[in-house]
Each structure stands twice: as C-alpha cells, then as structure tokens.
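First comes the structure, then the notes that go with it.
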Amino acid sequence: ALLMRGVGGKGRADAGRPAGPVGPPGPEAGNNHALIVQSLATEPPQRMWTNTTPVPFESELFSGVMLVFVRTTPLAPFCKERFEGRHRMLEVQIQGRFKEAPQGTVFFGAQVPRPMALSLMSRSLCAAILRVLKSLSRDMHVSFGTADGVEVPHICFPLASAMGKVCITPDGQTPPDLGGEIPEAKQEVSLRQQGKWTHGNFRPGFTYSMAFYTAYVDLLTWEVVNLPGVPRLDL
C-alpha cells in the first residue's frame with residue numbers, strides 16, 4: 001500500500017526543494033510541487049516531485065514506479081497534454097510487476113487521516129452522489145469516517161475497474177513509457193469496467209502500466225472539488 005499526502009503549510013503541496021534521494025526537477029517541468037509518498041509496507045516517507053519523472057516504490061507484493069500529474073495554473077509544459085481540453089485535476093500513472101499472485105480482489109482507493117468536517121447540506125449532497133456511484137460499481141466501498149476515529153474517511157474500488165487505462169506487457173517485451181497516454185482499446189476499457197476483463201486476475205509474468213485520473217481532487221490545495229452543488233471540501 002502507498003500513502004500520499006501534501007507537504008507544507010496546512011497539508012498543502014510544497015514547491016520547496018526536495019529532501020532525500022529524489023533530485024530536483026529539470027527546468028522543462030515548470031510549476032512543480034512536492035508530495036510526501038510512503039510505502040506503508042517498508043519505505044520511510046520521501047518527498048517526490050509531481051509533473052516530472054517516475055519515482056520507484058516497492059512492497060512485499062509489488063515493485064514498480066509511479067508518476068503523478070497535477071493540474072497547475074498555468075499548465076506545466078511537461079504534462080500539458082495530460083490536462084489541456086480535459087476536466088481532470090489529477091492523474092497517477094503506475095508501472096510495475098506483481099511478485100506473486102494476489103489473493104482475492106485487489107482494491108484501489110484513497111483515504112484521509114481524520115473525519116471530514118461536512119455541513120449537513122454538504123453531507124447530504126455527497127451521500128446522494130455516492131449512492132449514484134455505488135449503483136454503477138456495486139463493489140465500491142465508501143465511508144465518511146467515524147467520530148471515534150476507528151474508521152477514517154475513504155473510498156475504494158476494485159483495481160481492475162478503477163483503472164482509467166491499463167496496458168499489460170508480457171515478460172520479455174517492452175512496456176510503454178510513462179508520461180503519455182497508456183494504450184488500451186476502447187472495447188477493452190468498456191469490458192473491464194463492466195467486470196468482464198479478458199486478462200482475468202493480476203499475476204506475475206506481466207508488467208502492468210496503469211493510469212488513474214479524476215476531476216474531483218485538487219492535490220495542490222488538498223481539497224475535493226467540482227462536485228455538483230457542493231463547495232470545495234478541505235481534506
């Protein structure tokens with residue numbers, strides 16, 4: 001598992017110089033911001049730059065690299081094509097291999113460390129939107145968290161259907177470079193998101209190149225945004 005959070009004042013993303021093994025970005029990236037990324041399995045937290053180059057990570061089950069794009073104003077040149085003409089605020093690309101076959105369903109999700117401070121109206125609107133999402137994905141799990149902190153706010157989906165795009169490369173072949181569009185036929189995307197993925201289960205012997213994107217999370221301000229009728233929500 002990976003834990004990602006903004007660094008800097010009040011949890012916002014930080015544009016300061018990086019600490020640790022990740023070097024500063026090249027000048028072509030522009031408008032860079034840093035995130036703290038931690039593997040909950042083994043790694044201590046480290047700062048990584050967004051909109052630049054992939055950063056390696058590893059756990060007991062998976063080894064790979066991750067590249068995070070965030071929408072900036074103006075758009076950073078390195079990732080301009082990822083956002084221009086699109087509503088998305090965030091894109092995460094991951095490429096790597098499973099060390100062993102996972103047992104059960106693999107989930108992809110996000111959580112925040114404390115209960116969300118929602119007004120009654122905001123909570124009602126969010127609940128209505130989440131009911132629609134759950135009708136589209138019966139295996140989705142979501143919670144606003146509990147007052148005692150036993151359960152933190154989170155949302156998660158089965159990984160196979162949560163991926164915006166995925167390219168599966170057998171061992172011995174060259175996977176696509178991260179940073180551009182992950183190639184996947186529209187028909188394969190549709191089948192996968194209906195739970196009819198022709199590849200079947202995740203397993204060793206393949207490199208998985210995956211892209212996830214959303215229009216509803218702004219990592220630079222650490223807020224949920226663009227929900228119809230709902231003001232920006234501080235994470």
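In the structure tokens, each chain is lettered A, B, ... as it comes, each chain's residues begin at 1, and ligands are numbered from 1 in order of appearance.
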
Output as JSON lines one row per residue of region 59-149 of chain A within 10 Å of region 158-161 of chain A: the closest atom pair and its distance in Å to one decimal place, counting only C-alpha atoms, sorted by chain and residue number ascending.
{"residue": "A:Thr105", "atom": "CA", "partner": "A:Pro158", "partner_atom": "CA", "distance": 6.5}
{"residue": "A:Val106", "atom": "CA", "partner": "A:Leu159", "partner_atom": "CA", "distance": 5.6}
{"residue": "A:Phe107", "atom": "CA", "partner": "A:Pro158", "partner_atom": "CA", "distance": 4.3}
{"residue": "A:Phe108", "atom": "CA", "partner": "A:Leu159", "partner_atom": "CA", "distance": 4.9}
{"residue": "A:Gly109", "atom": "CA", "partner": "A:Leu159", "partner_atom": "CA", "distance": 8.4}
{"residue": "A:Ser137", "atom": "CA", "partner": "A:Ser161", "partner_atom": "CA", "distance": 8.6}
{"residue": "A:Arg138", "atom": "CA", "partner": "A:Pro158", "partner_atom": "CA", "distance": 9.9}
{"residue": "A:Asp139", "atom": "CA", "partner": "A:Pro158", "partner_atom": "CA", "distance": 6.8}
{"residue": "A:Met140", "atom": "CA", "partner": "A:Pro158", "partner_atom": "CA", "distance": 7.1}
{"residue": "A:His141", "atom": "CA", "partner": "A:Pro158", "partner_atom": "CA", "distance": 9.3}

Problem - Non-local contacts of region 173-188 of chain A (10 Å; only C-alpha atoms; under 5 positions in same chain excluded) as an NGL selection string - result: :A and (51-54 or 65-69 or 78-79 or 81-82 or 92-96 or 164-168 or 193-194 or 196-199 or 206-211)

Practice task
Mind giving me the straight-line distance from CA of Gly145 (chain A) to CA of Pro115 (chain A) in Å, one decimal?
Solution key: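 CA of Gly145 (chain A) sits 5.3 Å away from CA of Pro115 (chain A).
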